[in-house]
file start07.csv (CSV, C-alpha atoms)
chain,number,residue,atom,x,y,z
A,8,MET,CA,207.2,-178.9,-98.4
A,9,GLY,CA,205.2,-178.0,-101.5
A,10,ARG,CA,206.4,-178.9,-105.0
A,11,ALA,CA,210.0,-178.0,-104.9
A,12,VAL,CA,212.3,-176.7,-107.6
A,13,ALA,CA,215.6,-178.5,-107.8
A,14,ALA,CA,218.9,-177.0,-106.7
A,15,PHE,CA,221.3,-174.5,-108.1
A,16,GLN,CA,223.6,-176.9,-109.8
A,17,GLY,CA,227.1,-177.0,-108.3
A,18,GLN,CA,226.4,-174.5,-105.5
A,19,ALA,CA,226.5,-176.8,-102.4
A,20,TYR,CA,226.7,-174.6,-99.3
A,21,LEU,CA,230.1,-173.9,-97.7
A,22,GLY,CA,229.5,-173.4,-94.0
A,23,ASP,CA,233.1,-172.5,-93.4
A,24,MET,CA,233.6,-168.9,-94.5
A,25,ARG,CA,237.4,-169.3,-94.2
A,26,ARG,CA,237.4,-171.3,-97.5
A,27,LEU,CA,235.5,-168.6,-99.3
A,28,ILE,CA,237.6,-165.7,-97.9
A,29,LEU,CA,240.8,-167.5,-98.9
A,30,LEU,CA,239.4,-167.9,-102.4
A,31,LEU,CA,238.6,-164.2,-102.6
A,32,PHE,CA,242.0,-163.3,-101.4
A,33,ALA,CA,243.7,-165.6,-103.9
A,34,MET,CA,241.8,-164.0,-106.8
A,35,LEU,CA,242.7,-160.5,-105.6
A,36,LEU,CA,246.3,-161.3,-105.0
A,37,MET,CA,247.0,-163.0,-108.3
A,38,PRO,CA,249.1,-160.8,-110.6
A,39,MET,CA,246.4,-160.5,-113.3
A,40,PRO,CA,246.5,-157.7,-115.9
A,41,VAL,CA,243.7,-155.2,-115.7
A,42,ALA,CA,242.5,-153.8,-119.0
A,43,ALA,CA,241.6,-150.1,-119.1
A,44,GLY,CA,238.1,-149.5,-117.8
A,45,GLU,CA,237.7,-153.1,-116.5
A,46,LEU,CA,236.9,-152.1,-112.9
A,47,ALA,CA,234.4,-149.5,-114.2
A,48,LYS,CA,232.6,-152.3,-116.0
A,49,LEU,CA,232.6,-154.3,-112.9
A,50,ARG,CA,231.1,-151.3,-111.1
A,51,GLU,CA,228.3,-151.2,-113.7
A,52,MET,CA,227.6,-154.9,-113.0
A,53,ASP,CA,227.7,-154.2,-109.3
A,54,ALA,CA,225.0,-151.6,-109.7
A,55,ARG,CA,222.9,-154.0,-111.6
A,56,ILE,CA,223.3,-156.7,-109.0
A,57,ALA,CA,222.5,-154.3,-106.2
A,58,ALA,CA,219.3,-153.0,-107.9
A,59,ILE,CA,218.1,-156.6,-108.4
A,60,SER,CA,218.9,-157.5,-104.8
A,61,HIS,CA,217.1,-154.4,-103.5
A,62,ARG,CA,214.0,-155.2,-105.6
A,63,LEU,CA,213.9,-158.8,-104.3
A,64,ALA,CA,214.5,-157.7,-100.7
A,65,THR,CA,211.8,-155.1,-100.6
A,66,ALA,CA,209.1,-157.0,-102.5
A,67,ASN,CA,209.5,-160.0,-100.2
A,68,LEU,CA,209.5,-158.4,-96.8
A,69,ALA,CA,206.3,-160.3,-95.8
A,70,LEU,CA,208.2,-163.6,-96.3
A,71,CYS,CA,211.1,-162.7,-94.1
A,72,PRO,CA,210.7,-163.5,-90.4
A,73,PHE,CA,213.9,-161.7,-89.6
A,74,PRO,CA,214.1,-158.4,-91.6
A,75,SER,CA,217.1,-156.2,-91.5
A,76,PRO,CA,218.0,-152.6,-92.5
A,77,LEU,CA,218.5,-152.3,-96.2
A,78,GLN,CA,221.5,-150.0,-97.0
A,79,GLY,CA,220.9,-149.2,-100.6
A,80,MET,CA,224.6,-148.5,-101.4
A,81,LEU,CA,227.8,-150.3,-101.9
A,82,VAL,CA,231.1,-149.2,-100.4
A,83,GLN,CA,234.6,-150.2,-101.5
A,84,ASP,CA,238.1,-149.5,-100.3
A,85,ILE,CA,241.3,-149.4,-102.2
A,86,GLY,CA,242.9,-151.8,-99.7
A,87,GLN,CA,240.7,-154.6,-100.9
A,88,TYR,CA,242.6,-154.7,-104.2
A,89,ALA,CA,246.1,-156.1,-104.6
A,90,PRO,CA,248.8,-153.4,-105.0
A,91,GLU,CA,249.1,-153.9,-108.8
A,92,TRP,CA,245.3,-153.1,-109.1
A,93,ARG,CA,245.3,-150.0,-106.9
A,94,ALA,CA,246.2,-147.4,-109.6
A,95,GLU,CA,243.3,-148.7,-111.7
A,96,ALA,CA,241.0,-148.7,-108.8
A,97,GLN,CA,241.9,-145.1,-108.0
A,98,ALA,CA,241.5,-144.0,-111.6
A,99,ASP,CA,238.3,-145.9,-112.5
A,100,LEU,CA,236.5,-145.9,-109.1
A,101,GLY,CA,237.9,-142.9,-107.3
A,102,LEU,CA,239.0,-145.1,-104.4
A,103,SER,CA,241.4,-144.1,-101.7
A,104,ASP,CA,242.2,-145.3,-98.1
A,105,VAL,CA,238.8,-143.8,-97.1
A,106,PRO,CA,235.7,-146.0,-97.7
A,107,THR,CA,234.1,-144.8,-100.9
A,108,VAL,CA,230.5,-145.2,-102.2
A,109,THR,CA,230.6,-147.0,-105.6
A,110,VAL,CA,226.9,-147.7,-106.1
A,111,VAL,CA,223.7,-146.0,-105.0
A,112,VAL,CA,220.5,-148.0,-105.7
A,113,PRO,CA,217.8,-145.7,-107.2
A,114,GLY,CA,214.9,-145.2,-104.8
A,115,SER,CA,216.8,-146.6,-101.8
A,116,SER,CA,217.3,-145.0,-98.4
A,117,ALA,CA,220.8,-144.0,-99.5
A,118,ALA,CA,219.4,-142.3,-102.6
A,119,ARG,CA,216.7,-140.5,-100.7
A,120,ALA,CA,219.4,-139.3,-98.2
A,121,GLY,CA,221.4,-137.7,-101.1
A,122,VAL,CA,224.3,-140.1,-101.0
A,123,ARG,CA,226.2,-140.1,-104.3
A,124,VAL,CA,228.7,-142.3,-106.1
A,125,GLY,CA,232.2,-141.1,-105.2
A,126,ASP,CA,231.3,-139.9,-101.7
A,127,HIS,CA,234.0,-140.7,-99.2
A,128,VAL,CA,232.5,-141.9,-95.9
A,129,LEU,CA,234.4,-140.3,-93.0
A,130,ALA,CA,232.2,-141.2,-90.0
A,131,MET,CA,228.9,-142.6,-89.0
A,132,ASP,CA,227.0,-141.1,-86.0
A,133,GLY,CA,230.3,-139.4,-85.0
A,134,THR,CA,232.4,-142.6,-85.1
A,135,PRO,CA,235.2,-142.5,-87.7
A,136,THR,CA,235.1,-145.3,-90.3
A,137,PRO,CA,238.0,-147.7,-90.6
A,138,ARG,CA,240.9,-146.9,-93.0
A,139,SER,CA,243.2,-149.0,-95.1
A,140,THR,CA,247.0,-149.2,-94.8
A,141,LEU,CA,248.0,-148.6,-98.4
A,142,LYS,CA,251.2,-150.7,-98.2
A,143,ALA,CA,249.3,-153.7,-96.7
A,144,PRO,CA,248.3,-156.8,-98.8
A,145,ALA,CA,244.8,-157.0,-100.2
A,146,SER,CA,242.1,-157.5,-97.6
A,147,TYR,CA,238.3,-157.2,-97.2
A,148,GLN,CA,238.6,-156.4,-93.6
A,149,VAL,CA,238.0,-152.6,-93.9
A,150,VAL,CA,235.0,-153.0,-96.2
A,151,GLU,CA,233.5,-155.7,-93.9
A,152,ALA,CA,234.0,-153.4,-90.9
A,153,VAL,CA,232.4,-150.5,-92.6
A,154,LEU,CA,229.3,-152.5,-93.7
A,155,ALA,CA,229.0,-153.9,-90.1
A,156,GLN,CA,229.3,-150.4,-88.7
A,157,LEU,CA,226.6,-149.1,-91.1
A,158,ALA,CA,224.3,-152.1,-90.3
A,159,ALA,CA,224.7,-151.5,-86.6
A,160,ALA,CA,224.0,-147.8,-86.9
A,161,LEU,CA,220.9,-148.4,-88.9
A,162,GLN,CA,219.5,-150.7,-86.2
A,163,ASP,CA,218.3,-147.6,-84.4
A,164,GLY,CA,216.4,-146.5,-87.5
A,165,SER,CA,218.7,-143.9,-89.0
A,166,VAL,CA,222.4,-142.9,-89.3
A,167,ARG,CA,224.2,-139.6,-89.7
A,168,LEU,CA,226.9,-140.0,-92.4
A,169,LEU,CA,229.8,-137.5,-92.5
A,170,ILE,CA,231.0,-137.6,-96.1
A,171,ASP,CA,233.7,-135.8,-98.1
A,172,ARG,CA,232.4,-134.9,-101.6
A,173,GLY,CA,235.0,-133.2,-103.8
A,174,GLY,CA,236.9,-131.9,-100.8
A,175,VAL,CA,233.8,-130.5,-99.0
A,176,GLN,CA,232.5,-132.2,-95.9
A,177,GLN,CA,228.8,-132.5,-95.2
A,178,THR,CA,226.5,-134.6,-93.0
A,179,LEU,CA,223.6,-136.6,-94.5
A,180,SER,CA,220.8,-138.3,-92.5
A,181,MET,CA,219.8,-141.7,-93.8
A,182,ASP,CA,216.8,-143.6,-92.6
A,183,ALA,CA,216.6,-147.4,-92.5
A,184,ASP,CA,214.4,-149.4,-94.9
A,185,LEU,CA,213.5,-152.8,-93.4
A,186,ALA,CA,213.6,-155.6,-95.9
A,187,CYS,CA,214.8,-159.2,-96.4
A,188,PRO,CA,218.5,-159.6,-95.8
A,189,ALA,CA,220.2,-158.6,-99.1
A,190,ASN,CA,223.9,-158.3,-98.7
A,191,VAL,CA,224.9,-159.4,-102.2
A,192,GLU,CA,228.5,-159.1,-103.5
A,193,LEU,CA,229.9,-159.5,-107.0
A,194,VAL,CA,233.1,-161.5,-107.1
A,195,PRO,CA,235.3,-161.4,-110.3
A,196,GLY,CA,235.7,-164.9,-111.6
A,197,LYS,CA,235.4,-167.1,-114.7
A,198,LYS,CA,233.2,-169.8,-113.1
A,199,LEU,CA,229.4,-169.8,-113.2
A,200,SER,CA,229.1,-169.7,-109.4
A,201,ALA,CA,227.2,-168.3,-106.5
A,202,SER,CA,227.1,-169.0,-102.8
A,203,ALA,CA,225.6,-167.9,-99.5
A,204,ASP,CA,227.0,-168.2,-96.0
A,205,GLY,CA,224.0,-167.1,-93.9
A,206,LYS,CA,224.8,-163.4,-94.1
A,207,THR,CA,226.2,-162.6,-97.5
A,208,VAL,CA,225.5,-163.8,-101.1
A,209,HIS,CA,228.4,-163.9,-103.5
A,210,VAL,CA,227.8,-164.0,-107.3
A,211,SER,CA,230.5,-164.4,-109.8
A,212,SER,CA,230.9,-161.9,-112.6
A,213,ALA,CA,230.8,-164.8,-115.1
A,214,LEU,CA,227.4,-165.9,-113.8
A,215,ALA,CA,226.0,-162.4,-113.9
A,216,THR,CA,227.2,-162.1,-117.5
A,217,PHE,CA,225.9,-165.5,-118.5
A,218,ALA,CA,222.4,-164.7,-117.1
A,219,GLY,CA,222.0,-161.8,-119.5
A,220,SER,CA,218.8,-159.9,-118.6
A,221,ASP,CA,217.8,-158.7,-115.2
A,222,ASP,CA,214.9,-161.2,-115.1
A,223,ALA,CA,217.4,-164.1,-115.6
A,224,GLY,CA,220.0,-162.5,-113.3
A,225,ALA,CA,217.5,-162.4,-110.5
A,226,VAL,CA,217.2,-166.2,-110.5
A,227,PRO,CA,220.5,-167.2,-108.8
A,228,ILE,CA,220.4,-164.1,-106.6
A,229,ALA,CA,216.9,-165.1,-105.3
A,230,HIS,CA,218.1,-168.7,-104.8
A,231,GLU,CA,221.0,-167.7,-102.6
A,232,MET,CA,219.0,-165.0,-100.7
A,233,ALA,CA,216.5,-167.8,-100.0
A,234,HIS,CA,219.2,-169.9,-98.4
A,235,ASN,CA,219.9,-167.0,-96.0
A,236,ILE,CA,216.3,-166.1,-95.4
A,237,LEU,CA,215.5,-169.8,-94.6
A,238,ARG,CA,218.6,-170.0,-92.4
A,239,HIS,CA,219.8,-173.1,-94.1
A,240,PRO,CA,223.4,-172.9,-93.0
A,241,GLU,CA,222.3,-172.9,-89.4
A,242,ARG,CA,220.0,-175.9,-90.0
A,243,LEU,CA,222.8,-177.9,-91.6
A,244,ASP,CA,225.1,-177.0,-88.8
A,245,ARG,CA,222.6,-178.2,-86.2
A,246,GLN,CA,222.3,-181.5,-88.1
A,247,GLY,CA,226.0,-181.9,-88.2
A,248,ILE,CA,226.0,-181.9,-92.0
A,249,LYS,CA,229.4,-181.6,-93.7
A,250,ARG,CA,229.8,-179.5,-96.9
A,251,GLY,CA,232.5,-179.1,-99.4
A,252,LEU,CA,234.4,-182.3,-100.3
A,253,LEU,CA,232.3,-184.4,-97.8
A,254,ALA,CA,229.0,-183.2,-99.2
A,255,PRO,CA,228.2,-186.3,-101.3
A,256,LEU,CA,228.9,-188.7,-98.4
A,257,GLY,CA,226.4,-190.4,-96.0
A,258,LYS,CA,223.5,-188.2,-94.7
A,259,ASN,CA,225.2,-185.1,-96.0
A,260,ARG,CA,223.9,-185.5,-99.6
A,261,ALA,CA,220.2,-185.8,-98.8
A,262,ALA,CA,220.2,-183.0,-96.3
A,263,ILE,CA,222.0,-180.6,-98.6
A,264,ARG,CA,219.7,-181.5,-101.5
A,265,ALA,CA,216.7,-180.8,-99.3
A,266,THR,CA,217.9,-177.2,-98.6
A,267,GLU,CA,218.7,-176.6,-102.2
A,268,GLU,CA,215.2,-177.7,-103.3
A,269,GLU,CA,213.6,-175.5,-100.7
A,270,ALA,CA,215.8,-172.5,-101.8
A,271,ASP,CA,214.7,-172.8,-105.4
A,272,TYR,CA,211.1,-173.4,-104.5
A,273,PHE,CA,211.1,-170.3,-102.2
A,274,ALA,CA,213.1,-168.3,-104.8
A,275,ALA,CA,210.5,-168.8,-107.5
A,276,TYR,CA,207.9,-167.1,-105.2
A,277,MET,CA,210.4,-164.3,-104.5
A,278,LEU,CA,210.8,-163.8,-108.3
A,279,ALA,CA,207.1,-163.7,-108.9
A,280,ARG,CA,206.4,-161.3,-106.0
A,281,ALA,CA,209.1,-159.0,-107.3
A,282,GLY,CA,207.6,-159.0,-110.8
A,283,TYR,CA,210.3,-160.9,-112.5
A,284,SER,CA,209.5,-163.1,-115.5
A,285,LEU,CA,209.0,-166.8,-114.6
A,286,ASP,CA,209.5,-167.6,-118.3
A,287,ALA,CA,212.9,-166.0,-118.1
A,288,ALA,CA,213.6,-168.1,-114.9
A,289,LEU,CA,212.8,-171.3,-116.8
A,290,ASP,CA,215.0,-170.3,-119.7
A,291,PHE,CA,217.8,-169.5,-117.3
A,292,TRP,CA,217.7,-173.0,-115.7
A,293,ARG,CA,217.5,-174.6,-119.2
A,294,ARG,CA,220.6,-172.7,-120.4
A,295,TYR,CA,222.4,-173.2,-117.1
A,296,GLY,CA,221.7,-176.9,-117.0
A,297,ALA,CA,222.9,-177.4,-120.6
A,298,LYS,CA,226.1,-175.6,-119.7
A,299,THR,CA,227.0,-177.2,-116.4
A,300,ASP,CA,225.2,-180.6,-116.0
A,301,LEU,CA,227.8,-183.4,-115.4
A,302,GLY,CA,225.4,-186.2,-116.1
A,303,PRO,CA,226.5,-189.4,-114.3
A,304,PHE,CA,229.3,-187.4,-112.5
A,305,ASN,CA,226.8,-185.2,-110.6
A,306,ASP,CA,227.5,-185.7,-106.9
A,307,GLY,CA,223.8,-186.2,-105.9
A,308,THR,CA,223.5,-183.1,-103.8
A,309,HIS,CA,221.8,-181.4,-106.8
A,310,PRO,CA,219.4,-183.0,-109.3
A,311,GLY,CA,220.4,-183.1,-113.0
A,312,LYS,CA,219.2,-180.6,-115.5
A,313,LYS,CA,216.1,-182.6,-116.6
A,314,ALA,CA,214.8,-183.2,-113.1
A,315,ARG,CA,215.5,-179.6,-112.1
A,316,LEU,CA,213.6,-178.2,-115.1
A,317,ASP,CA,210.7,-180.5,-114.5
A,318,LEU,CA,210.4,-179.4,-110.9
A,319,ALA,CA,210.8,-175.8,-112.0
A,320,ARG,CA,207.9,-176.0,-114.4
A,321,ARG,CA,205.7,-177.5,-111.7
A,322,THR,CA,206.5,-174.7,-109.3
A,323,VAL,CA,205.8,-172.1,-111.9
A,324,ALA,CA,202.5,-173.8,-112.7
A,325,GLU,CA,201.7,-173.7,-108.9
A,326,ILE,CA,202.4,-170.0,-108.8
A,327,ARG,CA,200.4,-169.2,-111.9
A,328,ALA,CA,197.5,-171.1,-110.5
A,329,LYS,CA,197.5,-169.0,-107.4
A,330,GLN,CA,197.8,-165.9,-109.4
A,331,ALA,CA,194.8,-166.9,-111.6
A,332,ALA,CA,192.8,-167.6,-108.4
A,333,GLY,CA,193.7,-164.4,-106.8
A,334,GLN,CA,195.5,-166.2,-104.0
A,335,PRO,CA,198.4,-164.7,-102.1
A,336,LEU,CA,201.8,-165.9,-103.3
A,337,ILE,CA,203.0,-167.6,-100.2
A,338,PRO,CA,205.4,-170.6,-100.5
A,339,THR,CA,204.5,-173.7,-98.6
A,340,LEU,CA,207.4,-175.3,-96.8
A,341,VAL,CA,207.5,-178.2,-94.4
A,342,GLU,CA,209.3,-177.3,-91.2
A,343,GLN,CA,212.5,-179.3,-90.8
A,344,ASN,CA,214.9,-179.5,-87.9
call {"tool": "encode", "arguments": {"input": "start07.csv", "output": "structure tokens"}}
result
Amino acid sequence: MGRAVAAFQGQAYLGDMRRLILLLFAMLLMPMPVAAGELAKLREMDARIAAISHRLATANLALCPFPSPLQGMLVQDIGQYAPEWRAEAQADLGLSDVPTVTVVVPGSSAARAGVRVGDHVLAMDGTPTPRSTLKAPASYQVVEAVLAQLAAALQDGSVRLLIDRGGVQQTLSMDADLACPANVELVPGKKLSASADGKTVHVSSALATFAGSDDAGAVPIAHEMAHNILRHPERLDRQGIKRGLLAPLGKNRAAIRATEEEADYFAAYMLARAGYSLDAALDFWRRYGAKTDLGPFNDGTHPGKKARLDLARRTVAEIRAKQAAGQPLIPTLVEQN
């Protein structure tokens, strides 16, 4: 591997999605008060995250050996919210038991097809979309099924969407844009956290807020996207590496740390290729390290803040040297089993 940037502190991979799903369900099922307009603010953050992800995905297509159709829109369903949140979700987001478009990324295939925020997606290529049972507990099953249905339909290059817009049904034809995998979801939460499971990236609302600018917000998103692009979960599984509580033990620590370093190294190139500020990236890691570094209590799967920033500076210098020499921005990684 080339000079590697150190890991995203505290974000050791969880290969077992059950743990993440249980966490998401727990957050949604907790009886938390919802301030007026809170979900609308989260939708604004969703739109920002989606735009960043779209930009990273399209700018780095050449780096992705396994491109996938880029959807360019986010869909939500009232059933993903706990019952006490549903009135707010209906009022703020216009949700119902029918999957509803909550974000359309400007310039995306969805935008070009004429998809609008608030459209209710009734069917894809003639197949009805799944629906929620309004009396059921909170679940992401419908949203996940809708996204899977859309991804499958786009594999053929296009999809016909039957939508309801203000009570009027119409059919829209949406073409697929191939790009790096970029399924990124915003998760409400107070911890500065992000994770990737091989298919989806999850970013906490706290981390998105902490990042501030889009240039800084792109840093953890690129890092987690890099994990998925490089297929790190699969590699760790092949090596028999344990994550979670067992991450610091035995061979687990070094193997996880290697993937984290690769992800940050690769992500720096992704940021540069997408036109994001590398100075903002350095500032993000400086601020993040100051906020989260545990010093002697770090578990060893991630370098401390000083080591990380030193490696980050070296990687940025490597990229800028290539830019000055007119060389292509291609990260150099050593193949690992």
call {"tool": "closest_residue", "arguments": {"input": "start07.csv", "among": "A:Ala281, A:Leu179, A:Val149, A:Leu336", "to": "Arg62 in chain A", "atoms": "only C-alpha atoms"}}
result
A:Ala281
call {"tool": "atom_distance", "arguments": {"input": "start07.csv", "atom1": "CA of Pro188 in chain A", "atom2": "CA of Arg123 in chain A"}}
result
22.6 Å
call {"tool": "closest_residue", "arguments": {"input": "start07.csv", "among": "A:Arg242, A:His230, A:Arg264, A:Lys298", "to": "Phe217 in chain A", "atoms": "only C-alpha atoms"}}
result
A:Lys298
call {"tool": "atom_distance", "arguments": {"input": "start07.csv", "atom1": "CA of Gly114 in chain A", "atom2": "CA of Pro338 in chain A"}}
result
27.5 Å
call {"tool": "closest_residue", "arguments": {"input": "start07.csv", "among": "A:Ala270, A:Met181, A:Ile59, A:Ala118", "to": "Ile236 in chain A", "atoms": "all atoms listed in the file"}}
result
A:Ala270
call {"tool": "atom_distance", "arguments": {"input": "start07.csv", "atom1": "CA of Ala130 in chain A", "atom2": "CA of Val175 in chain A"}}
result
14.1 Å
call {"tool": "build_atoms", "arguments": {"input": "start07.csv", "residues": "range 104-136 of chain A", "atoms": "N, CA and C atoms", "output": "CSV table (one decimal), in the frame of the given file"}}
result
chain,number,residue,atom,x,y,z
A,104,ASP,N,242.2,-144.5,-99.4
A,104,ASP,CA,242.2,-145.3,-98.1
A,104,ASP,C,240.9,-145.0,-97.3
A,105,VAL,N,240.1,-144.1,-97.8
A,105,VAL,CA,238.8,-143.8,-97.1
A,105,VAL,C,237.7,-144.6,-97.8
A,106,PRO,N,236.8,-145.3,-97.1
A,106,PRO,CA,235.7,-146.0,-97.7
A,106,PRO,C,234.9,-145.1,-98.6
A,107,THR,N,234.7,-145.6,-99.8
A,107,THR,CA,234.1,-144.8,-100.9
A,107,THR,C,232.8,-145.5,-101.4
A,108,VAL,N,231.8,-144.7,-101.7
A,108,VAL,CA,230.5,-145.2,-102.2
A,108,VAL,C,230.7,-145.4,-103.7
A,109,THR,N,230.5,-146.7,-104.2
A,109,THR,CA,230.6,-147.0,-105.6
A,109,THR,C,229.3,-147.2,-106.3
A,110,VAL,N,228.3,-147.5,-105.5
A,110,VAL,CA,226.9,-147.7,-106.1
A,110,VAL,C,225.9,-147.2,-105.1
A,111,VAL,N,224.9,-146.5,-105.7
A,111,VAL,CA,223.7,-146.0,-105.0
A,111,VAL,C,222.5,-146.6,-105.7
A,112,VAL,N,221.7,-147.4,-105.1
A,112,VAL,CA,220.5,-148.0,-105.7
A,112,VAL,C,219.4,-146.9,-105.8
A,113,PRO,N,218.9,-146.7,-107.0
A,113,PRO,CA,217.8,-145.7,-107.2
A,113,PRO,C,216.6,-146.0,-106.3
A,114,GLY,N,216.0,-145.0,-105.6
A,114,GLY,CA,214.9,-145.2,-104.8
A,114,GLY,C,215.2,-145.8,-103.4
A,115,SER,N,216.4,-146.1,-103.1
A,115,SER,CA,216.8,-146.6,-101.8
A,115,SER,C,216.9,-145.6,-100.8
A,116,SER,N,217.1,-146.0,-99.5
A,116,SER,CA,217.3,-145.0,-98.4
A,116,SER,C,218.5,-144.2,-98.7
A,117,ALA,N,219.6,-144.8,-99.2
A,117,ALA,CA,220.8,-144.0,-99.5
A,117,ALA,C,220.5,-142.9,-100.5
A,118,ALA,N,219.8,-143.3,-101.6
A,118,ALA,CA,219.4,-142.3,-102.6
A,118,ALA,C,218.6,-141.2,-102.1
A,119,ARG,N,217.6,-141.5,-101.2
A,119,ARG,CA,216.7,-140.5,-100.7
A,119,ARG,C,217.5,-139.6,-99.7
A,120,ALA,N,218.6,-140.1,-99.1
A,120,ALA,CA,219.4,-139.3,-98.2
A,120,ALA,C,220.3,-138.3,-99.0
A,121,GLY,N,220.5,-138.6,-100.3
A,121,GLY,CA,221.4,-137.7,-101.1
A,121,GLY,C,222.8,-138.3,-101.2
A,122,VAL,N,223.0,-139.5,-100.8
A,122,VAL,CA,224.3,-140.1,-101.0
A,122,VAL,C,224.6,-140.3,-102.5
A,123,ARG,N,225.8,-140.0,-102.9
A,123,ARG,CA,226.2,-140.1,-104.3
A,123,ARG,C,227.4,-141.0,-104.5
A,124,VAL,N,227.5,-141.6,-105.7
A,124,VAL,CA,228.7,-142.3,-106.1
A,124,VAL,C,229.9,-141.4,-106.0
A,125,GLY,N,230.9,-141.9,-105.4
A,125,GLY,CA,232.2,-141.1,-105.2
A,125,GLY,C,232.3,-140.5,-103.8
A,126,ASP,N,231.2,-140.5,-103.0
A,126,ASP,CA,231.3,-139.9,-101.7
A,126,ASP,C,232.2,-140.7,-100.8
A,127,HIS,N,233.1,-140.1,-100.1
A,127,HIS,CA,234.0,-140.7,-99.2
A,127,HIS,C,233.4,-140.7,-97.8
A,128,VAL,N,233.1,-141.8,-97.2
A,128,VAL,CA,232.5,-141.9,-95.9
A,128,VAL,C,233.5,-141.7,-94.7
A,129,LEU,N,233.4,-140.6,-94.1
A,129,LEU,CA,234.4,-140.3,-93.0
A,129,LEU,C,234.0,-140.8,-91.7
A,130,ALA,N,232.7,-140.8,-91.4
A,130,ALA,CA,232.2,-141.2,-90.0
A,130,ALA,C,230.7,-141.5,-90.1
A,131,MET,N,230.3,-142.3,-89.1
A,131,MET,CA,228.9,-142.6,-89.0
A,131,MET,C,228.5,-142.4,-87.5
A,132,ASP,N,227.5,-141.5,-87.3
A,132,ASP,CA,227.0,-141.1,-86.0
A,132,ASP,C,228.2,-140.7,-85.1
A,133,GLY,N,229.2,-140.0,-85.8
A,133,GLY,CA,230.3,-139.4,-85.0
A,133,GLY,C,231.5,-140.4,-84.8
A,134,THR,N,231.3,-141.6,-85.2
A,134,THR,CA,232.4,-142.6,-85.1
A,134,THR,C,233.2,-142.7,-86.4
A,135,PRO,N,234.5,-142.4,-86.5
A,135,PRO,CA,235.2,-142.5,-87.7
A,135,PRO,C,235.1,-143.9,-88.3
A,136,THR,N,235.1,-144.0,-89.6
A,136,THR,CA,235.1,-145.3,-90.3
A,136,THR,C,236.6,-145.8,-90.4
